[in-house]
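Next comes my_file35.pdb, with PDB, C-alpha atoms.
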ATOM      1  CA  MET L   1      12.484   1.255  12.718
ATOM      2  CA  ARG L   2      10.375  -1.062  14.841
ATOM      3  CA  PHE L   3       6.683  -1.201  14.007
ATOM      4  CA  THR L   4       5.717  -0.139  17.538
ATOM      5  CA  GLU L   5       7.566   3.132  16.886
ATOM      6  CA  ALA L   6       5.826   3.480  13.526
ATOM      7  CA  MET L   7       2.421   3.074  15.210
ATOM      8  CA  ALA L   8       3.313   5.885  17.603
ATOM      9  CA  HIS L   9       4.159   8.121  14.636
ATOM     10  CA  LEU L  10       0.866   7.180  12.949
ATOM     11  CA  ALA L  11      -1.094   8.007  16.106
ATOM     12  CA  VAL L  12       0.449  11.480  16.249
ATOM     13  CA  ALA L  13       0.116  12.155  12.507
ATOM     14  CA  LEU L  14      -3.479  10.947  12.225
ATOM     15  CA  ARG L  15      -4.524  12.225  15.665
ATOM     16  CA  ASP L  16      -5.811   8.870  16.872
ATOM     17  CA  PRO L  17      -5.322   7.182  20.238
ATOM     18  CA  LEU L  18      -2.371   4.798  20.126
ATOM     19  CA  ALA L  19      -4.658   2.114  21.553
ATOM     20  CA  GLU L  20      -6.623   2.111  18.281
ATOM     21  CA  TYR L  21      -3.549   0.942  16.370
ATOM     22  CA  THR L  22      -2.572  -1.545  19.047
ATOM     23  CA  GLU L  23      -6.027  -3.125  18.921
ATOM     24  CA  LEU L  24      -6.047  -3.149  15.122
ATOM     25  CA  LEU L  25      -2.634  -4.831  15.059
ATOM     26  CA  ARG L  26      -3.867  -7.501  17.473
ATOM     27  CA  ALA L  27      -7.043  -8.085  15.439
ATOM     28  CA  VAL L  28      -5.228  -8.310  12.102
ATOM     29  CA  ARG L  29      -2.561 -10.590  13.530
ATOM     30  CA  GLU L  30      -5.192 -12.924  14.977
ATOM     31  CA  GLY L  31      -7.130 -12.791  11.708
ATOM     32  CA  ILE L  32      -4.218 -14.272   9.760
ATOM     33  CA  ASP L  33      -5.248 -17.866  10.447
ATOM     34  CA  ASP L  34      -4.823 -21.078   8.447
ATOM     35  CA  THR L  35      -7.851 -20.318   6.262
ATOM     36  CA  LEU L  36      -6.589 -16.849   5.345
ATOM     37  CA  GLU L  37      -3.093 -18.199   4.705
ATOM     38  CA  ALA L  38      -4.597 -20.669   2.217
ATOM     39  CA  THR L  39      -6.423 -17.789   0.515
ATOM     40  CA  GLU L  40      -3.195 -15.789   0.351
ATOM     41  CA  ARG L  41      -1.349 -18.691  -1.262
ATOM     42  CA  LYS L  42      -4.069 -18.966  -3.890
ATOM     43  CA  LEU L  43      -3.990 -15.221  -4.616
ATOM     44  CA  SER L  44      -0.186 -15.141  -4.705
ATOM     45  CA  ARG L  45      -0.136 -18.079  -7.112
ATOM     46  CA  MET L  46      -2.626 -16.259  -9.357
ATOM     47  CA  ALA L  47      -0.495 -13.110  -9.242
ATOM     48  CA  ALA L  48       2.648 -15.054 -10.125
ATOM     49  CA  GLU L  49       0.907 -16.732 -13.059
ATOM     50  CA  GLU L  50      -0.048 -13.280 -14.354
ATOM     51  CA  GLY L  51       3.584 -12.258 -14.160
ATOM     52  CA  HIS L  52       3.212 -10.073 -11.065
ATOM     53  CA  PRO L  53       4.474 -12.061  -8.051
ATOM     54  CA  PHE L  54       3.681 -10.300  -4.787
ATOM     55  CA  ASP L  55       6.529  -9.588  -2.370
ATOM     56  CA  TRP L  56       5.741  -9.452   1.359
ATOM     57  CA  GLY L  57       8.979  -7.633   2.069
ATOM     58  CA  GLY L  58      11.172 -10.703   1.863
ATOM     59  CA  GLY L  59       9.112 -12.679   4.392
ATOM     60  CA  THR L  60       5.850 -14.589   4.371
ATOM     61  CA  PHE L  61       2.282 -13.400   4.797
ATOM     62  CA  LYS L  62       1.943 -15.526   7.948
ATOM     63  CA  ASP L  63       4.847 -13.746   9.653
ATOM     64  CA  LEU L  64       4.143 -10.286   8.239
ATOM     65  CA  LEU L  65       3.010  -8.773  11.556
ATOM     66  CA  ARG L  66       4.858 -11.109  13.917
ATOM     67  CA  GLY L  67       8.237 -10.626  15.500
ATOM     68  CA  LYS L  68      10.487 -12.128  18.119
ATOM     69  CA  PRO L  69       9.171 -11.872  21.689
ATOM     70  CA  GLY L  70      11.112 -10.301  24.542
ATOM     71  CA  PRO L  71      13.646  -7.444  24.708
ATOM     72  CA  GLY L  72      14.931  -6.450  21.322
ATOM     73  CA  GLY L  73      12.089  -8.321  19.629
ATOM     74  CA  GLY L  74       9.277  -7.033  17.445
ATOM     75  CA  PHE L  75       9.482  -6.500  13.698
ATOM     76  CA  GLU L  76      10.542  -3.802  11.286
ATOM     77  CA  ALA L  77       8.163  -1.259   9.765
ATOM     78  CA  SER L  78       8.960  -2.100   6.148
ATOM     79  CA  PRO L  79       6.932  -0.576   3.293
ATOM     80  CA  ALA L  80       5.162  -3.957   2.818
ATOM     81  CA  VAL L  81       4.183  -4.129   6.500
ATOM     82  CA  LEU L  82       3.065  -0.501   6.602
ATOM     83  CA  ALA L  83       1.057  -0.817   3.362
ATOM     84  CA  PHE L  84      -0.887  -3.850   4.610
ATOM     85  CA  PHE L  85      -1.529  -2.310   8.025
ATOM     86  CA  LEU L  86      -2.696   0.997   6.527
ATOM     87  CA  THR L  87      -4.962  -0.887   4.124
ATOM     88  CA  ALA L  88      -6.591  -2.583   7.121
ATOM     89  CA  TYR L  89      -6.857   0.805   8.843
ATOM     90  CA  LEU L  90      -8.591   2.360   5.832
ATOM     91  CA  LEU L  91     -11.244  -0.343   5.572
ATOM     92  CA  ASP L  92     -14.477   0.670   7.272
ATOM     93  CA  CYS L  93     -15.303  -2.760   8.696
ATOM     94  CA  PRO L  94     -15.359  -4.638  12.032
ATOM     95  CA  ARG L  95     -11.852  -5.394  13.308
ATOM     96  CA  ARG L  96     -12.502  -9.135  13.162
ATOM     97  CA  GLU L  97     -12.876  -8.782   9.368
ATOM     98  CA  ALA L  98      -9.921  -6.436   8.867
ATOM     99  CA  ALA L  99      -7.285  -9.053   7.969
ATOM    100  CA  ALA L 100      -9.437 -10.819   5.369
ATOM    101  CA  LYS L 101     -10.672  -7.592   3.780
ATOM    102  CA  ALA L 102      -7.168  -6.105   3.763
ATOM    103  CA  LEU L 103      -5.866  -9.178   1.941
ATOM    104  CA  ASP L 104      -8.722  -8.934  -0.549
ATOM    105  CA  MET L 105      -7.959  -5.245  -1.148
ATOM    106  CA  THR L 106      -4.228  -5.960  -1.432
ATOM    107  CA  PHE L 107      -5.007  -8.043  -4.519
ATOM    108  CA  ALA L 108      -7.523  -5.569  -5.971
ATOM    109  CA  ALA L 109      -6.495  -5.386  -9.621
ATOM    110  CA  SER L 110      -6.262  -2.687 -12.235
ATOM    111  CA  ALA L 111      -8.811  -3.131 -15.049
ATOM    112  CA  TYR L 112      -9.836  -1.737 -18.422
ATOM    113  CA  PHE L 113     -13.159   0.094 -18.567
ATOM    114  CA  LYS L 114     -14.821   1.817 -21.502
ATOM    115  CA  SER L 115     -17.622   2.972 -19.219
ATOM    116  CA  ALA L 116     -18.350   2.299 -15.581
ATOM    117  CA  PRO L 117     -21.211   0.046 -14.558
ATOM    118  CA  SER L 118     -23.407   1.357 -11.773
ATOM    119  CA  PRO L 119     -22.858   1.792  -8.836
ATOM    120  CA  THR L 120     -19.219   2.741  -9.253
ATOM    121  CA  THR L 121     -19.172   5.796 -11.500
ATOM    122  CA  TRP L 122     -17.361   7.673  -8.743
ATOM    123  CA  ILE L 123     -14.275   5.582  -9.323
ATOM    124  CA  ALA L 124     -14.108   4.294 -12.897
ATOM    125  CA  ASN L 125     -15.955   6.776 -15.061
ATOM    126  CA  SER L 126     -14.080   9.856 -13.942
ATOM    127  CA  PRO L 127     -12.993  12.103 -16.846
ATOM    128  CA  ILE L 128      -9.529  12.154 -15.299
ATOM    129  CA  ALA L 129      -9.114   8.392 -14.911
ATOM    130  CA  LEU L 130      -5.852   7.073 -16.331
ATOM    131  CA  GLN L 131      -6.168   4.279 -18.869
ATOM    132  CA  PRO L 132      -4.117   1.356 -17.513
ATOM    133  CA  LEU L 133      -1.073   0.159 -19.375
ATOM    134  CA  ARG L 134      -1.105  -3.257 -21.028
ATOM    135  CA  GLY L 135       1.126  -5.852 -19.387
ATOM    136  CA  LYS L 136       3.103  -8.584 -21.093
ATOM    137  CA  LYS L 137       0.110 -10.947 -20.987
ATOM    138  CA  GLY L 138      -2.482  -8.319 -21.861
ATOM    139  CA  GLU L 139      -3.386  -7.603 -18.246
ATOM    140  CA  ALA L 140      -4.130  -4.083 -17.028
ATOM    141  CA  VAL L 141      -1.341  -2.381 -15.090
ATOM    142  CA  CYS L 142      -1.426   0.947 -13.220
ATOM    143  CA  ALA L 143      -0.016   3.600 -15.551
ATOM    144  CA  ARG L 144       1.928   5.387 -12.791
ATOM    145  CA  THR L 145       3.165   2.699 -10.414
ATOM    146  CA  LYS L 146       3.462   0.022 -13.144
ATOM    147  CA  GLN L 147       1.818  -2.399 -10.697
ATOM    148  CA  ARG L 148      -1.061  -4.794 -11.303
ATOM    149  CA  TYR L 149      -2.377  -4.846  -7.730
ATOM    150  CA  PHE L 150      -3.282  -2.171  -5.206
ATOM    151  CA  GLY L 151      -1.090  -3.688  -2.489
ATOM    152  CA  ALA L 152       1.981  -3.618  -4.718
ATOM    153  CA  ALA L 153       1.159  -0.069  -5.817
ATOM    154  CA  PHE L 154       0.844   0.986  -2.161
ATOM    155  CA  VAL L 155       4.200  -0.628  -1.351
ATOM    156  CA  ALA L 156       5.743   1.127  -4.354
ATOM    157  CA  LEU L 157       4.638   4.591  -3.266
ATOM    158  CA  LEU L 158       5.849   3.903   0.302
ATOM    159  CA  SER L 159       9.235   2.871  -1.118
ATOM    160  CA  ASP L 160       9.791   5.365  -3.919
ATOM    161  CA  ARG L 161      10.171   9.043  -3.040
ATOM    162  CA  ALA L 162       9.245  10.201  -6.545
ATOM    163  CA  LEU L 163       5.954   8.260  -6.436
ATOM    164  CA  PHE L 164       5.246   9.370  -2.879
ATOM    165  CA  GLU L 165       5.555  12.985  -3.990
ATOM    166  CA  GLN L 166       3.052  12.419  -6.806
ATOM    167  CA  VAL L 167       0.226  10.806  -4.835
ATOM    168  CA  GLU L 168      -2.103  13.350  -3.235
ATOM    169  CA  GLU L 169      -4.817  11.045  -1.921
ATOM    170  CA  ILE L 170      -5.729   7.386  -1.472
ATOM    171  CA  ARG L 171      -9.387   6.326  -1.474
ATOM    172  CA  VAL L 172     -10.547   2.933  -0.231
ATOM    173  CA  SER L 173     -14.084   1.546  -0.115
ATOM    174  CA  ALA L 174     -14.744  -1.781   1.558
ATOM    175  CA  ASP L 175     -18.382  -1.552   0.463
ATOM    176  CA  LEU L 176     -17.479  -1.309  -3.217
ATOM    177  CA  GLY L 177     -14.341  -3.414  -3.082
ATOM    178  CA  ALA L 178     -12.310  -0.722  -4.815
ATOM    179  CA  ALA L 179      -9.331   1.536  -4.195
ATOM    180  CA  GLN L 180      -8.031   4.585  -6.003
ATOM    181  CA  LEU L 181      -4.839   6.619  -6.139
ATOM    182  CA  LEU L 182      -5.285  10.329  -6.902
ATOM    183  CA  PHE L 183      -2.187  12.044  -8.249
ATOM    184  CA  GLY L 184      -1.131  15.674  -8.080
ATOM    185  CA  ASP L 185      -2.071  16.338 -11.703
ATOM    186  CA  TYR L 186      -5.656  15.172 -10.915
ATOM    187  CA  THR L 187      -5.330  11.883 -12.728
ATOM    188  CA  THR L 188      -6.382   8.648 -11.013
ATOM    189  CA  SER L 189      -5.551   4.951 -11.041
ATOM    190  CA  SER L 190      -8.146   2.481  -9.787
ATOM    191  CA  PHE L 191      -8.069  -1.108  -8.528
ATOM    192  CA  TYR L 192     -10.981  -3.520  -8.066
ATOM    193  CA  THR L 193     -11.738  -6.670  -6.062
ATOM    194  CA  PRO L 194     -14.187  -9.315  -7.364
ATOM    195  CA  ALA L 195     -16.868  -7.840  -5.058
ATOM    196  CA  TYR L 196     -16.807  -4.634  -7.099
ATOM    197  CA  TYR L 197     -18.431  -6.333 -10.075
ATOM    198  CA  THR L 198     -21.443  -7.495  -8.086
ATOM    199  CA  ALA L 199     -21.921  -4.397  -5.890
ATOM    200  CA  LYS L 200     -25.489  -3.147  -5.799
ATOM    201  CA  PRO L 201     -26.444   0.502  -6.374
ATOM    202  CA  GLY L 202     -26.719   2.616  -3.248
ATOM    203  CA  THR L 203     -24.664   4.607  -0.797
ATOM    204  CA  CYS L 204     -21.203   3.417   0.155
ATOM    205  CA  SER L 205     -18.507   4.293   2.642
ATOM    206  CA  VAL L 206     -15.224   5.669   1.295
ATOM    207  CA  ARG L 207     -12.235   6.441   3.492
ATOM    208  CA  LEU L 208      -9.635   8.973   2.405
ATOM    209  CA  PHE L 209      -5.960   9.061   3.264
ATOM    210  CA  TYR L 210      -3.471  11.829   2.480
ATOM    211  CA  PRO L 211       0.064  10.380   2.305
ATOM    212  CA  ASP L 212       1.726  13.733   2.951
ATOM    213  CA  ILE L 213       0.473  13.477   6.550
ATOM    214  CA  ILE L 214       2.901  10.632   7.185
ATOM    215  CA  ARG L 215       5.878  12.222   5.385
ATOM    216  CA  PRO L 216       8.038  12.126   8.564
ATOM    217  CA  LEU L 217       7.351   8.384   8.857
ATOM    218  CA  PHE L 218       8.157   7.878   5.170
ATOM    219  CA  ASP L 219      11.481   9.645   5.718
ATOM    220  CA  LEU L 220      12.274   7.387   8.675
ATOM    221  CA  ILE L 221      11.663   4.124   6.802
ATOM    222  CA  ASN L 222      13.341   5.468   3.650
ATOM    223  CA  PRO L 223      16.390   7.401   4.899
ATOM    224  CA  SER L 224      18.124   9.507   2.299
ATOM    225  CA  GLU L 225      21.560   8.319   1.344
ATOM    226  CA  PRO L 226      24.243  10.561   2.852
ATOM    227  CA  ALA L 227      26.097  12.674   0.387
ATOM    228  CA  THR L 228      29.543  11.317  -0.411
ATOM    229  CA  ARG L 229      32.540  13.578  -0.583
ATOM    230  CA  ALA L 230      34.864  13.377  -3.513
ATOM    231  CA  PRO L 231      38.246  11.956  -2.497
ATOM    232  CA  ALA L 232      40.852  14.613  -1.894
ATOM    233  CA  ARG L 233      43.573  14.901  -4.470
ATOM    234  CA  LYS L 234      47.026  13.967  -3.350
ATOM    235  CA  LYS L 235      49.462  16.834  -3.247
ATOM    236  CA  ARG L 236      52.485  16.484  -5.425
ATOM    237  CA  LEU L 237      55.789  17.442  -3.886
ATOM    238  CA  LEU L 238      58.081  19.337  -6.191
ATOM    239  CA  THR L 239      61.802  18.801  -5.651
ATOM    240  CA  ALA L 240      64.557  20.890  -7.021
ATOM    241  CA  GLY L 241      66.496  19.157  -9.765
TER     242      GLY L 241
END
Once more with this new file: its structure as structure tokens, please.
Amino acid sequence: MRFTEAMAHLAVALRDPLAEYTELLRAVREGIDDTLEATERKLSRMAAEEGHPFDWGGGTFKDLLRGKPGPGGGFEASPAVLAFFLTAYLLDCPRREAAAKALDMTFAASAYFKSAPSPTTWIANSPIALQPLRGKKGEAVCARTKQRYFGAAFVALLSDRALFEQVEEIRVSADLGAAQLLFGDYTTSSFYTPAYYTAKPGTCSVRLFYPDIIRPLFDLINPSEPATRAPARKKRLLTAG
């Protein structure tokens, strides 16, 4: 499916004007400049060193939202593309900042917390927060998606039907620099950017997203495999002896 078609599905599902997604796509695409590419390379190198290399859907970050011009051009709405675009959509920030903040949130990491420092008790000190798993190098990993970073966890739930069915809500706060997955059994997994640790107490903006709203789009980018019929048995011809 081409991403232009996916945007049309998003506009219908989320009841937004299609122009909002077109403008966001333009802003995010323009925001992926040389400086942001350098930042992405640094973050990707860090992720690889931790043992969690980030996959942009088989392509590069620079070309993530770019396709061939002209008839038959464009680019596919892969889970990696959709996850990054939806992350930008969920960030309550000026469009000119969307690409940079979406990249920052993509690499928001799972973390261990005994208690939550103010001002983020809403996200880390919940009695239903899942304790992260311990990775091979001692790093925190989301207990459900088995991913270190929010972006990879988002891609996983947009790729895996079982995970998609489990996630009830996604919460993203650009102000706090944090994201959270809320599962159907009322457990949560949280991810944090460096800005989270220096956030000052006060009110913050949190945007909510309910994945079930885009179930038809999920089905289109993850088509079910057609059932295969068992081969028919050959008939044996009996001849009179």
**Request:** Check which residues satisfy the PyMOL selection byres ((chain L and resi 179) around 9) in the file shown, then give them as a ChimeraX atom specification.
**Result:** /L:105,108,123,150,170-174,176-178,180-181,189-193
**Message:** Counting all atoms listed in the file, which residues have an atom no more than 12 Å from (6.3, 2.0, -15.3) in the file's coordinates? Please list them as number ranges by chain.
**Reply:** L: 132-135, 141-148, 153, 156, 163
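In terms of minimum interatomic distance to Asp63 of chain L, L:Ile32 ranks closest within L:Ala77, L:Ala88, L:Ile32, L:Gln166, counting only C-alpha atoms.
What separates atom CA of Ile221 of chain L from atom CA of Leu24 of chain L is a distance of 20.9 Å.
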**Request:** Using only C-alpha atoms, find the one residue out of L:Ser224, L:Gln131, L:Thr198, L:Thr106 that sits nearest to Phe54 of chain L.
**Result:** L:Thr106
**Request:** Using only C-alpha atoms, determine which residues lie at most 12 Å from Ala11 of chain L, disregarding the query and same-chain residues fewer than 4 positions distant; provide the list as a PyMOL selection string.
**Result:** chain L and resi 4-7+15-22+86+89+213-214+217
Is there a way to complete segment 176-187 of chain L with all heavy atoms and then write that out as an mmCIF file, in the coordinates of the input?
data_model
loop_
_atom_site.group_PDB
_atom_site.id
_atom_site.type_symbol
_atom_site.label_atom_id
_atom_site.label_comp_id
_atom_site.auth_asym_id
_atom_site.auth_seq_id
_atom_site.Cartn_x
_atom_site.Cartn_y
_atom_site.Cartn_z
ATOM 1 N N LEU L 176 -17.569 -1.104 -1.772
ATOM 2 C CA LEU L 176 -17.479 -1.309 -3.217
ATOM 3 C C LEU L 176 -16.436 -2.354 -3.598
ATOM 4 O O LEU L 176 -16.500 -2.940 -4.674
ATOM 5 C CB LEU L 176 -17.135 -0.003 -3.921
ATOM 6 C CG LEU L 176 -18.237 1.051 -4.047
ATOM 7 C CD1 LEU L 176 -17.691 2.284 -4.741
ATOM 8 C CD2 LEU L 176 -19.409 0.487 -4.827
ATOM 9 N N GLY L 177 -15.447 -2.540 -2.723
ATOM 10 C CA GLY L 177 -14.341 -3.414 -3.082
ATOM 11 C C GLY L 177 -13.448 -2.742 -4.108
ATOM 12 O O GLY L 177 -13.065 -3.340 -5.111
ATOM 13 N N ALA L 178 -13.113 -1.482 -3.857
ATOM 14 C CA ALA L 178 -12.310 -0.722 -4.815
ATOM 15 C C ALA L 178 -11.402 0.250 -4.088
ATOM 16 O O ALA L 178 -11.689 0.681 -2.976
ATOM 17 C CB ALA L 178 -13.218 0.024 -5.789
ATOM 18 N N ALA L 179 -10.283 0.567 -4.727
ATOM 19 C CA ALA L 179 -9.331 1.536 -4.195
ATOM 20 C C ALA L 179 -8.852 2.420 -5.328
ATOM 21 O O ALA L 179 -8.859 2.012 -6.499
ATOM 22 C CB ALA L 179 -8.149 0.833 -3.529
ATOM 23 N N GLN L 180 -8.413 3.617 -4.978
ATOM 24 C CA GLN L 180 -8.031 4.585 -6.003
ATOM 25 C C GLN L 180 -6.877 5.446 -5.510
ATOM 26 O O GLN L 180 -6.839 5.863 -4.350
ATOM 27 C CB GLN L 180 -9.234 5.472 -6.335
ATOM 28 C CG GLN L 180 -9.044 6.409 -7.521
ATOM 29 C CD GLN L 180 -10.315 7.185 -7.806
ATOM 30 O OE1 GLN L 180 -10.781 7.946 -6.971
ATOM 31 N NE2 GLN L 180 -10.876 6.993 -8.980
ATOM 32 N N LEU L 181 -5.926 5.690 -6.403
ATOM 33 C CA LEU L 181 -4.839 6.619 -6.139
ATOM 34 C C LEU L 181 -5.111 7.889 -6.930
ATOM 35 O O LEU L 181 -5.352 7.833 -8.139
ATOM 36 C CB LEU L 181 -3.498 6.026 -6.586
ATOM 37 C CG LEU L 181 -3.080 4.677 -5.994
ATOM 38 C CD1 LEU L 181 -1.735 4.250 -6.565
ATOM 39 C CD2 LEU L 181 -3.011 4.745 -4.476
ATOM 40 N N LEU L 182 -5.090 9.034 -6.245
ATOM 41 C CA LEU L 182 -5.285 10.329 -6.902
ATOM 42 C C LEU L 182 -3.950 11.059 -6.910
ATOM 43 O O LEU L 182 -3.351 11.288 -5.860
ATOM 44 C CB LEU L 182 -6.336 11.148 -6.155
ATOM 45 C CG LEU L 182 -6.584 12.564 -6.675
ATOM 46 C CD1 LEU L 182 -7.147 12.532 -8.090
ATOM 47 C CD2 LEU L 182 -7.541 13.314 -5.745
ATOM 48 N N PHE L 183 -3.492 11.418 -8.099
ATOM 49 C CA PHE L 183 -2.187 12.044 -8.249
ATOM 50 C C PHE L 183 -2.299 13.571 -8.301
ATOM 51 O O PHE L 183 -3.381 14.124 -8.485
ATOM 52 C CB PHE L 183 -1.492 11.511 -9.505
ATOM 53 C CG PHE L 183 -1.257 10.036 -9.465
ATOM 54 C CD1 PHE L 183 -2.157 9.161 -10.055
ATOM 55 C CD2 PHE L 183 -0.154 9.508 -8.814
ATOM 56 C CE1 PHE L 183 -1.955 7.784 -10.001
ATOM 57 C CE2 PHE L 183 0.052 8.142 -8.754
ATOM 58 C CZ PHE L 183 -0.848 7.277 -9.352
ATOM 59 N N GLY L 184 -1.162 14.224 -8.159
ATOM 60 C CA GLY L 184 -1.131 15.674 -8.080
ATOM 61 C C GLY L 184 -1.630 16.383 -9.322
ATOM 62 O O GLY L 184 -2.050 17.540 -9.254
ATOM 63 N N ASP L 185 -1.575 15.713 -10.476
ATOM 64 C CA ASP L 185 -2.071 16.338 -11.703
ATOM 65 C C ASP L 185 -3.546 16.009 -11.942
ATOM 66 O O ASP L 185 -4.061 16.184 -13.033
ATOM 67 C CB ASP L 185 -1.230 15.901 -12.905
ATOM 68 C CG ASP L 185 -1.260 14.394 -13.133
ATOM 69 O OD1 ASP L 185 -1.903 13.685 -12.321
ATOM 70 O OD2 ASP L 185 -0.645 13.927 -14.103
ATOM 71 N N TYR L 186 -4.221 15.485 -10.887
ATOM 72 C CA TYR L 186 -5.656 15.172 -10.915
ATOM 73 C C TYR L 186 -6.010 14.027 -11.845
ATOM 74 O O TYR L 186 -7.110 13.940 -12.370
ATOM 75 C CB TYR L 186 -6.481 16.422 -11.247
ATOM 76 C CG TYR L 186 -6.267 17.513 -10.239
ATOM 77 C CD1 TYR L 186 -5.464 18.605 -10.541
ATOM 78 C CD2 TYR L 186 -6.815 17.438 -8.958
ATOM 79 C CE1 TYR L 186 -5.224 19.598 -9.603
ATOM 80 C CE2 TYR L 186 -6.572 18.421 -8.016
ATOM 81 C CZ TYR L 186 -5.783 19.499 -8.342
ATOM 82 O OH TYR L 186 -5.533 20.476 -7.405
ATOM 83 N N THR L 187 -5.037 13.141 -12.050
ATOM 84 C CA THR L 187 -5.330 11.883 -12.728
ATOM 85 C C THR L 187 -5.476 10.802 -11.653
ATOM 86 O O THR L 187 -5.003 10.964 -10.526
ATOM 87 C CB THR L 187 -4.215 11.492 -13.710
ATOM 88 O OG1 THR L 187 -2.974 11.416 -13.003
ATOM 89 C CG2 THR L 187 -4.106 12.512 -14.829
#
